[in-house]
$ cat final.pdb   # PDB, C-alpha atoms and all ligand atoms
ATOM      1  CA  MET A   1     -53.168  99.103 -43.453  1.00  0.00           C
ATOM      2  CA  LEU A   2     -55.350  96.530 -41.724  1.00  0.00           C
ATOM      3  CA  PRO A   3     -56.751  97.418 -38.345  1.00  0.00           C
ATOM      4  CA  PHE A   4     -54.869  95.624 -35.549  1.00  0.00           C
ATOM      5  CA  ALA A   5     -57.926  93.579 -34.504  1.00  0.00           C
ATOM      6  CA  LEU A   6     -58.322  92.224 -38.038  1.00  0.00           C
ATOM      7  CA  LEU A   7     -54.625  91.357 -38.181  1.00  0.00           C
ATOM      8  CA  LEU A   8     -55.060  89.363 -34.976  1.00  0.00           C
ATOM      9  CA  LEU A   9     -57.867  87.404 -36.602  1.00  0.00           C
ATOM     10  CA  LEU A  10     -55.691  86.548 -39.593  1.00  0.00           C
ATOM     11  CA  VAL A  11     -52.832  85.184 -37.481  1.00  0.00           C
ATOM     12  CA  ARG A  12     -53.482  81.562 -36.563  1.00  0.00           C
ATOM     13  CA  TRP A  13     -52.988  81.591 -32.790  1.00  0.00           C
ATOM     14  CA  PRO A  14     -52.856  78.215 -31.092  1.00  0.00           C
ATOM     15  CA  GLU A  15     -55.991  77.837 -29.013  1.00  0.00           C
ATOM     16  CA  SER A  16     -55.257  77.465 -25.346  1.00  0.00           C
ATOM     17  CA  ALA A  17     -58.880  76.928 -24.323  1.00  0.00           C
ATOM     18  CA  PRO A  18     -59.394  73.184 -23.932  1.00  0.00           C
ATOM     19  CA  PRO A  19     -61.620  71.541 -26.506  1.00  0.00           C
ATOM     20  CA  PRO A  20     -64.952  70.667 -24.935  1.00  0.00           C
ATOM     21  CA  ALA A  21     -65.127  67.460 -22.919  1.00  0.00           C
ATOM     22  CA  ILE A  22     -61.426  67.067 -22.133  1.00  0.00           C
ATOM     23  CA  ASP A  23     -62.238  66.445 -18.458  1.00  0.00           C
ATOM     24  CA  GLU A  24     -64.941  63.919 -19.382  1.00  0.00           C
ATOM     25  CA  PHE A  25     -62.397  62.176 -21.600  1.00  0.00           C
ATOM     26  CA  HIS A  26     -59.831  62.190 -18.811  1.00  0.00           C
ATOM     27  CA  SER A  27     -62.393  60.572 -16.438  1.00  0.00           C
ATOM     28  CA  GLN A  28     -62.635  57.743 -18.949  1.00  0.00           C
ATOM     29  CA  MET A  29     -58.830  57.419 -18.924  1.00  0.00           C
ATOM     30  CA  LEU A  30     -58.882  57.337 -15.091  1.00  0.00           C
ATOM     31  CA  ARG A  31     -61.434  54.533 -15.334  1.00  0.00           C
ATOM     32  CA  ARG A  32     -59.003  52.678 -17.636  1.00  0.00           C
ATOM     33  CA  PHE A  33     -56.212  53.256 -15.071  1.00  0.00           C
ATOM     34  CA  SER A  34     -58.284  51.885 -12.211  1.00  0.00           C
ATOM     35  CA  ASP A  35     -59.248  48.494 -13.662  1.00  0.00           C
ATOM     36  CA  GLY A  36     -57.134  45.361 -14.023  1.00  0.00           C
ATOM     37  CA  ARG A  37     -55.841  45.654 -17.594  1.00  0.00           C
ATOM     38  CA  GLY A  38     -52.155  46.193 -18.603  1.00  0.00           C
ATOM     39  CA  PHE A  39     -50.023  48.920 -17.073  1.00  0.00           C
ATOM     40  CA  GLY A  40     -49.452  52.612 -17.710  1.00  0.00           C
ATOM     41  CA  MET A  41     -49.866  53.757 -21.313  1.00  0.00           C
ATOM     42  CA  SER A  42     -50.880  50.240 -22.441  1.00  0.00           C
ATOM     43  CA  ARG A  43     -54.206  50.859 -20.681  1.00  0.00           C
ATOM     44  CA  ILE A  44     -54.969  53.604 -23.205  1.00  0.00           C
ATOM     45  CA  VAL A  45     -53.397  52.665 -26.517  1.00  0.00           C
ATOM     46  CA  ARG A  46     -54.117  49.605 -28.619  1.00  0.00           C
ATOM     47  CA  TRP A  47     -50.558  48.283 -28.437  1.00  0.00           C
ATOM     48  CA  ASN A  48     -48.670  46.780 -25.524  1.00  0.00           C
ATOM     49  CA  THR A  49     -45.941  49.205 -24.439  1.00  0.00           C
ATOM     50  CA  LEU A  50     -44.937  47.504 -21.170  1.00  0.00           C
ATOM     51  CA  GLY A  51     -41.282  47.985 -20.287  1.00  0.00           C
ATOM     52  CA  HIS A  52     -40.264  50.066 -23.291  1.00  0.00           C
ATOM     53  CA  HIS A  53     -40.983  53.259 -25.193  1.00  0.00           C
ATOM     54  CA  PHE A  54     -44.153  53.652 -27.207  1.00  0.00           C
ATOM     55  CA  SER A  55     -44.041  52.700 -30.861  1.00  0.00           C
ATOM     56  CA  ALA A  56     -46.939  52.090 -33.223  1.00  0.00           C
ATOM     57  CA  PRO A  57     -47.041  49.277 -35.790  1.00  0.00           C
ATOM     58  CA  LEU A  58     -46.082  50.422 -39.279  1.00  0.00           C
ATOM     59  CA  GLY A  59     -49.045  51.971 -41.097  1.00  0.00           C
ATOM     60  CA  ALA A  60     -51.271  52.335 -37.997  1.00  0.00           C
ATOM     61  CA  LYS A  61     -53.259  55.546 -38.399  1.00  0.00           C
ATOM     62  CA  THR A  62     -54.610  55.710 -34.866  1.00  0.00           C
ATOM     63  CA  ASP A  63     -53.476  54.189 -31.579  1.00  0.00           C
ATOM     64  CA  PHE A  64     -56.772  54.578 -29.764  1.00  0.00           C
ATOM     65  CA  ALA A  65     -59.904  52.450 -29.911  1.00  0.00           C
ATOM     66  CA  PRO A  66     -62.921  53.871 -28.053  1.00  0.00           C
ATOM     67  CA  GLU A  67     -64.359  51.149 -25.863  1.00  0.00           C
ATOM     68  CA  ASN A  68     -67.684  52.697 -24.840  1.00  0.00           C
ATOM     69  CA  ALA A  69     -70.246  55.270 -26.006  1.00  0.00           C
ATOM     70  CA  GLU A  70     -68.784  58.084 -23.867  1.00  0.00           C
ATOM     71  CA  GLU A  71     -65.310  57.749 -25.393  1.00  0.00           C
ATOM     72  CA  ARG A  72     -66.701  57.325 -28.918  1.00  0.00           C
ATOM     73  CA  VAL A  73     -68.903  60.442 -28.717  1.00  0.00           C
ATOM     74  CA  ILE A  74     -65.987  62.609 -27.556  1.00  0.00           C
ATOM     75  CA  ILE A  75     -63.519  61.325 -30.175  1.00  0.00           C
ATOM     76  CA  ASP A  76     -66.145  61.775 -32.922  1.00  0.00           C
ATOM     77  CA  ARG A  77     -66.897  65.275 -31.714  1.00  0.00           C
ATOM     78  CA  TRP A  78     -63.230  66.322 -31.651  1.00  0.00           C
ATOM     79  CA  SER A  79     -62.750  64.981 -35.133  1.00  0.00           C
ATOM     80  CA  ARG A  80     -65.967  66.641 -36.429  1.00  0.00           C
ATOM     81  CA  ASP A  81     -64.842  69.955 -34.896  1.00  0.00           C
ATOM     82  CA  GLY A  82     -61.520  69.678 -36.724  1.00  0.00           C
ATOM     83  CA  TRP A  83     -59.247  68.912 -33.753  1.00  0.00           C
ATOM     84  CA  GLN A  84     -56.135  66.830 -34.301  1.00  0.00           C
ATOM     85  CA  SER A  85     -55.316  64.989 -31.108  1.00  0.00           C
ATOM     86  CA  GLY A  86     -52.788  62.767 -29.388  1.00  0.00           C
ATOM     87  CA  LEU A  87     -51.370  62.036 -25.956  1.00  0.00           C
ATOM     88  CA  TYR A  88     -48.357  61.244 -23.809  1.00  0.00           C
ATOM     89  CA  VAL A  89     -48.359  59.464 -20.434  1.00  0.00           C
ATOM     90  CA  PHE A  90     -45.866  60.491 -17.752  1.00  0.00           C
ATOM     91  CA  GLY A  91     -44.863  59.111 -14.378  1.00  0.00           C
ATOM     92  CA  ALA A  92     -43.637  60.504 -11.053  1.00  0.00           C
ATOM     93  CA  SER A  93     -40.099  59.383 -11.916  1.00  0.00           C
ATOM     94  CA  ILE A  94     -39.944  62.411 -14.242  1.00  0.00           C
ATOM     95  CA  LYS A  95     -39.018  64.330 -11.058  1.00  0.00           C
ATOM     96  CA  ASN A  96     -35.810  62.340 -10.559  1.00  0.00           C
ATOM     97  CA  GLU A  97     -34.780  61.638 -14.145  1.00  0.00           C
ATOM     98  CA  ALA A  98     -32.892  63.890 -16.527  1.00  0.00           C
ATOM     99  CA  ALA A  99     -34.499  63.925 -19.984  1.00  0.00           C
ATOM    100  CA  ALA A 100     -31.174  62.602 -21.360  1.00  0.00           C
ATOM    101  CA  THR A 101     -31.737  59.178 -19.732  1.00  0.00           C
ATOM    102  CA  ARG A 102     -34.854  58.833 -21.937  1.00  0.00           C
ATOM    103  CA  PHE A 103     -36.510  56.708 -19.249  1.00  0.00           C
ATOM    104  CA  HIS A 104     -39.721  55.255 -20.700  1.00  0.00           C
ATOM    105  CA  ARG A 105     -41.586  55.505 -17.401  1.00  0.00           C
ATOM    106  CA  ALA A 106     -40.843  59.220 -17.076  1.00  0.00           C
ATOM    107  CA  LEU A 107     -42.584  59.982 -20.394  1.00  0.00           C
ATOM    108  CA  LYS A 108     -44.119  57.793 -23.070  1.00  0.00           C
ATOM    109  CA  GLY A 109     -45.680  58.697 -26.409  1.00  0.00           C
ATOM    110  CA  PRO A 110     -46.974  60.205 -28.562  1.00  0.00           C
ATOM    111  CA  GLY A 111     -50.059  58.139 -29.263  1.00  0.00           C
ATOM    112  CA  VAL A 112     -52.560  59.279 -31.924  1.00  0.00           C
ATOM    113  CA  LEU A 113     -56.166  59.612 -30.720  1.00  0.00           C
ATOM    114  CA  HIS A 114     -57.854  59.964 -34.080  1.00  0.00           C
ATOM    115  CA  GLU A 115     -56.757  58.997 -37.573  1.00  0.00           C
ATOM    116  CA  ALA A 116     -57.132  62.543 -38.930  1.00  0.00           C
ATOM    117  CA  THR A 117     -54.007  63.412 -36.919  1.00  0.00           C
ATOM    118  CA  PRO A 118     -50.647  63.378 -38.783  1.00  0.00           C
ATOM    119  CA  ARG A 119     -48.457  61.241 -36.499  1.00  0.00           C
ATOM    120  CA  GLY A 120     -45.209  62.836 -37.627  1.00  0.00           C
ATOM    121  CA  GLU A 121     -46.381  66.330 -36.691  1.00  0.00           C
ATOM    122  CA  LEU A 122     -47.221  65.633 -33.045  1.00  0.00           C
ATOM    123  CA  PRO A 123     -44.915  67.381 -30.540  1.00  0.00           C
ATOM    124  CA  LYS A 124     -41.703  65.439 -29.961  1.00  0.00           C
ATOM    125  CA  TRP A 125     -40.803  63.554 -26.770  1.00  0.00           C
ATOM    126  CA  GLU A 126     -38.054  66.020 -25.816  1.00  0.00           C
ATOM    127  CA  GLU A 127     -40.369  68.997 -26.450  1.00  0.00           C
ATOM    128  CA  VAL A 128     -43.037  67.551 -24.164  1.00  0.00           C
ATOM    129  CA  TYR A 129     -40.616  66.455 -21.412  1.00  0.00           C
ATOM    130  CA  PRO A 130     -40.247  69.869 -19.685  1.00  0.00           C
ATOM    131  CA  VAL A 131     -44.010  70.452 -19.908  1.00  0.00           C
ATOM    132  CA  ALA A 132     -44.769  67.083 -18.285  1.00  0.00           C
ATOM    133  CA  ALA A 133     -42.110  67.718 -15.600  1.00  0.00           C
ATOM    134  CA  GLU A 134     -43.666  71.087 -14.798  1.00  0.00           C
ATOM    135  CA  ALA A 135     -47.159  69.522 -14.753  1.00  0.00           C
ATOM    136  CA  MET A 136     -45.931  66.879 -12.275  1.00  0.00           C
ATOM    137  CA  HIS A 137     -44.529  69.650 -10.073  1.00  0.00           C
ATOM    138  CA  GLN A 138     -47.792  71.643 -10.235  1.00  0.00           C
ATOM    139  CA  PHE A 139     -49.906  68.549  -9.514  1.00  0.00           C
ATOM    140  CA  GLU A 140     -47.859  67.868  -6.381  1.00  0.00           C
ATOM    141  CA  LEU A 141     -48.657  71.409  -5.267  1.00  0.00           C
ATOM    142  CA  GLY A 142     -52.362  70.640  -5.728  1.00  0.00           C
ATOM    143  CA  ALA A 143     -53.083  71.828  -9.286  1.00  0.00           C
ATOM    144  CA  THR A 144     -55.505  69.682 -11.289  1.00  0.00           C
ATOM    145  CA  SER A 145     -54.489  70.869 -14.755  1.00  0.00           C
ATOM    146  CA  HIS A 146     -51.529  72.384 -16.561  1.00  0.00           C
ATOM    147  CA  VAL A 147     -51.464  73.954 -20.016  1.00  0.00           C
ATOM    148  CA  ALA A 148     -48.647  74.903 -22.395  1.00  0.00           C
ATOM    149  CA  VAL A 149     -48.219  75.665 -26.093  1.00  0.00           C
ATOM    150  CA  VAL A 150     -45.534  73.857 -28.125  1.00  0.00           C
ATOM    151  CA  ASN A 151     -45.052  74.447 -31.859  1.00  0.00           C
ATOM    152  CA  GLY A 152     -48.680  75.324 -32.527  1.00  0.00           C
ATOM    153  CA  TRP A 153     -50.036  72.470 -30.385  1.00  0.00           C
ATOM    154  CA  THR A 154     -51.793  73.089 -27.089  1.00  0.00           C
ATOM    155  CA  LEU A 155     -50.823  70.645 -24.366  1.00  0.00           C
ATOM    156  CA  HIS A 156     -53.362  69.991 -21.612  1.00  0.00           C
ATOM    157  CA  ALA A 157     -52.012  67.892 -18.747  1.00  0.00           C
ATOM    158  CA  ARG A 158     -54.218  66.119 -16.187  1.00  0.00           C
ATOM    159  CA  PRO A 159     -53.090  64.128 -13.127  1.00  0.00           C
ATOM    160  CA  VAL A 160     -53.427  60.404 -12.397  1.00  0.00           C
ATOM    161  CA  ALA A 161     -53.413  59.677  -8.661  1.00  0.00           C
ATOM    162  CA  ALA A 162     -52.924  56.451  -6.701  1.00  0.00           C
ATOM    163  CA  ALA A 163     -56.641  55.811  -6.296  1.00  0.00           C
ATOM    164  CA  LYS A 164     -56.074  52.655  -4.222  1.00  0.00           C
ATOM    165  CA  GLU A 165     -53.551  51.252  -1.776  1.00  0.00           C
ATOM    166  CA  THR A 166     -52.488  48.678  -4.381  1.00  0.00           C
ATOM    167  CA  CYS A 167     -51.454  51.404  -6.858  1.00  0.00           C
ATOM    168  CA  ALA A 168     -49.108  52.935  -4.283  1.00  0.00           C
ATOM    169  CA  GLN A 169     -47.675  49.567  -3.185  1.00  0.00           C
ATOM    170  CA  CYS A 170     -46.756  48.518  -6.686  1.00  0.00           C
ATOM    171  CA  HIS A 171     -45.462  51.946  -7.702  1.00  0.00           C
ATOM    172  CA  ASN A 172     -43.072  52.034  -4.739  1.00  0.00           C
ATOM    173  CA  GLY A 173     -41.192  49.103  -6.291  1.00  0.00           C
ATOM    174  CA  GLY A 174     -37.649  49.826  -7.482  1.00  0.00           C
ATOM    175  CA  ALA A 175     -38.561  49.684 -11.172  1.00  0.00           C
ATOM    176  CA  ALA A 176     -40.395  53.001 -10.843  1.00  0.00           C
ATOM    177  CA  ARG A 177     -37.066  54.690  -9.898  1.00  0.00           C
ATOM    178  CA  LEU A 178     -38.796  56.832  -7.314  1.00  0.00           C
ATOM    179  CA  ASP A 179     -37.054  58.532  -4.424  1.00  0.00           C
ATOM    180  CA  ALA A 180     -36.973  55.809  -1.724  1.00  0.00           C
ATOM    181  CA  ALA A 181     -37.270  58.437   1.011  1.00  0.00           C
ATOM    182  CA  ALA A 182     -40.569  59.707  -0.383  1.00  0.00           C
ATOM    183  CA  LYS A 183     -42.778  56.634  -0.629  1.00  0.00           C
ATOM    184  CA  VAL A 184     -45.994  57.028  -2.616  1.00  0.00           C
ATOM    185  CA  LYS A 185     -49.158  56.992  -0.469  1.00  0.00           C
ATOM    186  CA  PRO A 186     -52.725  56.414  -1.647  1.00  0.00           C
ATOM    187  CA  GLY A 187     -53.998  59.705  -3.076  1.00  0.00           C
ATOM    188  CA  ASP A 188     -50.534  60.844  -4.233  1.00  0.00           C
ATOM    189  CA  VAL A 189     -50.065  61.772  -7.867  1.00  0.00           C
ATOM    190  CA  LEU A 190     -48.429  58.887  -9.782  1.00  0.00           C
ATOM    191  CA  GLY A 191     -48.122  60.798 -13.029  1.00  0.00           C
ATOM    192  CA  GLY A 192     -50.524  62.060 -15.629  1.00  0.00           C
ATOM    193  CA  VAL A 193     -51.643  62.350 -19.214  1.00  0.00           C
ATOM    194  CA  VAL A 194     -50.656  65.175 -21.567  1.00  0.00           C
ATOM    195  CA  TYR A 195     -53.338  65.629 -24.241  1.00  0.00           C
ATOM    196  CA  LEU A 196     -52.188  67.284 -27.463  1.00  0.00           C
ATOM    197  CA  PHE A 197     -54.555  69.354 -29.598  1.00  0.00           C
ATOM    198  CA  ARG A 198     -54.327  71.459 -32.728  1.00  0.00           C
ATOM    199  CA  ARG A 199     -56.772  72.687 -35.345  1.00  0.00           C
TER     200      ARG A 199
HETATM  201  C1  LIG B 201     -48.935  45.258 -10.042  1.00  0.00           C
HETATM  202  C2  LIG B 201     -48.257  46.503 -10.149  1.00  0.00           C
HETATM  203  C3  LIG B 201     -49.037  47.775 -10.484  1.00  0.00           C
HETATM  204  C4  LIG B 201     -50.223  48.202  -9.967  1.00  0.00           C
HETATM  205  C5  LIG B 201     -51.115  47.527  -8.949  1.00  0.00           C
HETATM  206  C6  LIG B 201     -50.480  49.484 -10.585  1.00  0.00           C
HETATM  207  N1  LIG B 201     -49.489  49.817 -11.456  1.00  0.00           N
HETATM  208 FE1  LIG B 201     -49.333  51.530 -12.508  1.00  0.00          FE
HETATM  209  N2  LIG B 201     -47.726  50.777 -13.476  1.00  0.00           N
HETATM  210  C7  LIG B 201     -47.108  49.580 -13.201  1.00  0.00           C
HETATM  211  C8  LIG B 201     -46.009  49.378 -14.144  1.00  0.00           C
HETATM  212  C9  LIG B 201     -45.077  48.176 -14.193  1.00  0.00           C
HETATM  213  C10 LIG B 201     -45.996  50.507 -14.984  1.00  0.00           C
HETATM  214  C11 LIG B 201     -45.039  50.783 -16.141  1.00  0.00           C
HETATM  215  C12 LIG B 201     -45.599  50.193 -17.379  1.00  0.00           C
HETATM  216  C13 LIG B 201     -44.800  50.536 -18.595  1.00  0.00           C
HETATM  217  O1  LIG B 201     -43.717  50.012 -18.807  1.00  0.00           O
HETATM  218  O2  LIG B 201     -45.280  51.388 -19.321  1.00  0.00           O
HETATM  219  C14 LIG B 201     -47.082  51.367 -14.531  1.00  0.00           C
HETATM  220  C15 LIG B 201     -47.343  52.606 -15.091  1.00  0.00           C
HETATM  221  C16 LIG B 201     -48.261  53.500 -14.578  1.00  0.00           C
HETATM  222  C17 LIG B 201     -48.371  54.884 -14.970  1.00  0.00           C
HETATM  223  C18 LIG B 201     -47.501  55.571 -16.016  1.00  0.00           C
HETATM  224  C19 LIG B 201     -46.302  56.195 -15.356  1.00  0.00           C
HETATM  225  C20 LIG B 201     -45.304  55.233 -14.811  1.00  0.00           C
HETATM  226  O3  LIG B 201     -45.006  55.281 -13.609  1.00  0.00           O
HETATM  227  O4  LIG B 201     -44.798  54.362 -15.567  1.00  0.00           O
HETATM  228  C21 LIG B 201     -49.383  55.432 -14.243  1.00  0.00           C
HETATM  229  C22 LIG B 201     -49.846  56.877 -14.282  1.00  0.00           C
HETATM  230  C23 LIG B 201     -49.923  54.383 -13.405  1.00  0.00           C
HETATM  231  N3  LIG B 201     -49.216  53.219 -13.620  1.00  0.00           N
HETATM  232  C24 LIG B 201     -50.990  54.531 -12.546  1.00  0.00           C
HETATM  233  C25 LIG B 201     -51.511  53.498 -11.754  1.00  0.00           C
HETATM  234  C26 LIG B 201     -52.708  53.613 -10.943  1.00  0.00           C
HETATM  235  C27 LIG B 201     -53.570  54.854 -10.829  1.00  0.00           C
HETATM  236  C28 LIG B 201     -52.880  52.411 -10.324  1.00  0.00           C
HETATM  237  C29 LIG B 201     -53.963  51.955  -9.379  1.00  0.00           C
HETATM  238  C30 LIG B 201     -55.336  52.194  -9.787  1.00  0.00           C
HETATM  239  C31 LIG B 201     -51.773  51.551 -10.744  1.00  0.00           C
HETATM  240  N4  LIG B 201     -50.972  52.236 -11.611  1.00  0.00           N
HETATM  241  C32 LIG B 201     -51.584  50.266 -10.305  1.00  0.00           C
HETATM  242  C33 LIG B 201     -47.434  48.727 -12.204  1.00  0.00           C
HETATM  243  C34 LIG B 201     -48.586  48.799 -11.426  1.00  0.00           C
END

$ encode --input "final.pdb" --output "structure tokens"
Amino acid sequence: MLPFALLLLLVRWPESAPPPAIDEFHSQMLRRFSDGRGFGMSRIVRWNTLGHHFSAPLGAKTDFAPENAEERVIIDRWSRDGWQSGLYVFGASIKNEAAATRFHRALKGPGVLHEATPRGELPKWEEVYPVAAEAMHQFELGATSHVAVVNGWTLHARPVAAAKETCAQCHNGGAARLDAAAKVKPGDVLGGVVYLFRR
């Protein structure tokens, strides 16, 4: 019989430690959120997703195009180290919406970060929904990260806050389906990104 320690090595445990540079990558995504382009997930993926759920054009192998050296180095490194990667974007309305309404602003994705990732194997929207809802809850309590494992993928969530007054103003509009009694203030968490990794 194999010693227990050796057995553990043979079982392929999902890795819950974040791949290196996830926080550096998230800072790049926060930079994308804070400039003037598009809205929400459209700031990250190559396709416009405004007003509806995410869907990639037929045959697209990746949904992400690095736009500077920092992003390129991290994506190349993840791919060289054998990570498959993708992401979802969620919004504060996930607190007030039941998953069954399938509201696109509560959760959107999955987008593929690198072409070595099999799109069809990324965790499904309804599998990620409770993880994103819990992340939103934790972020409102002050957490800056949330991790969960789903079907062999490790999900690392990071918050996106209303960095400026203008973010809060626009996000308080009715389309965000937020609780009218709890208006968003600058600094409040508007949602976040769930990064998906497997190798
Ligand atoms: C002019 C209005 C406007 C401004 C200003 C704005 N947003 Fe948004 N934001 C939107 C809209 C509309 C969406 C939904 C887009 C879609 O359909 O995916 C969105 C989506 C998002 C999402 C995804 C979750 C959700 O609620 O749909 C995040 C996170 C987000 N914005 C963060 C920010 C941050 C951070 C800022 C400020 C730096 C900001 N936004 C400024 C209109 C705005």

$ closest_residue --input "final.pdb" --among "A:Arg77, A:Arg72, A:His156, A:Arg177" --to "ligand LIG 201 (chain B)" --atoms "all atoms listed in the file"
A:Arg177

$ residues_near_point --input "final.pdb" --point "(-53.8, 71.9, -12.4)" --cutoff "12 Å" --atoms "only C-alpha atoms" --output "VMD selection string"
chain A and resid 23 132 134 to 148 156 to 160 189 192 to 194

$ axis_aligned_box --input "final.pdb" --around "ligand LIG 201 (chain B)" --padding-each-side "5 Å" --output "AutoDock Vina command-line options"
--center_x -49.5 --center_y 51.1 --center_z -14.1 --size_x 21.6 --size_y 21.6 --size_z 20.4

$ closest_residue --input "final.pdb" --among "A:Leu196, A:Asp63, A:Phe39, A:Val73" --to "Gly91 in chain A" --atoms "all atoms listed in the file"
A:Phe39

$ closest_residue --input "final.pdb" --among "A:Trp47, A:Trp83, A:Trp78, A:Phe90" --to "ligand LIG 201 (chain B)" --atoms "all atoms listed in the file"
A:Phe90

$ residues_near_ligand --input "final.pdb" --ligand "ligand LIG 201 (chain B)" --cutoff "6 Å" --atoms "only C-alpha atoms and all ligand atoms" --output "list of chain:residue names"
A:Phe33, A:Ser34, A:Phe39, A:Gly40, A:Met41, A:Thr49, A:Leu50, A:Gly51, A:His52, A:Val89, A:Phe90, A:Gly91, A:Ala92, A:Arg105, A:Val160, A:Ala161, A:Ala162, A:Ala163, A:Lys164, A:Thr166, A:Cys167, A:Cys170, A:His171, A:Ala176, A:Leu190, A:Gly191, A:Gly192

$ atom_distance --input "final.pdb" --atom1 "CA of Glu24 in chain A" --atom2 "CA of Tyr195 in chain A"
12.7 Å

$ closest_residue --input "final.pdb" --among "A:Val45, A:Glu70, A:Leu155, A:Ala116" --to "Gln84 in chain A" --atoms "only C-alpha atoms"
A:Ala116

$ atom_distance --input "final.pdb" --atom1 "CA of Ala60 in chain A" --atom2 "CA of Gly109 in chain A"
14.4 Å

$ atom_distance --input "final.pdb" --atom1 "CA of Lys124 in chain A" --atom2 "CA of Thr101 in chain A"
15.6 Å

$ residues_around --input "final.pdb" --residues "Asn151 in chain A" --least-positions-apart "4" --cutoff "10 Å" --atoms "only C-alpha atoms" --output "list in words"
Pro14, Glu121, Leu122, Pro123, Lys124, Glu127 and Arg198 of chain A

$ closest_residue --input "final.pdb" --among "A:Thr62, A:Gln28, A:Ser93, A:Ser55" --to "Val184 in chain A" --atoms "only C-alpha atoms"
A:Ser93

$ closest_residue --input "final.pdb" --among "A:Gly187, A:Pro130, A:Gly152, A:Pro66" --to "Gln169 in chain A" --atoms "only C-alpha atoms"
A:Gly187

$ resolve_selection --input "final.pdb" --expression "the PyMOL selection byres (((chain A and resi 119) around 9) and not hetatm)" --output "number ranges by chain"
A: 61-62, 86, 110-112, 115, 117-118, 120-122
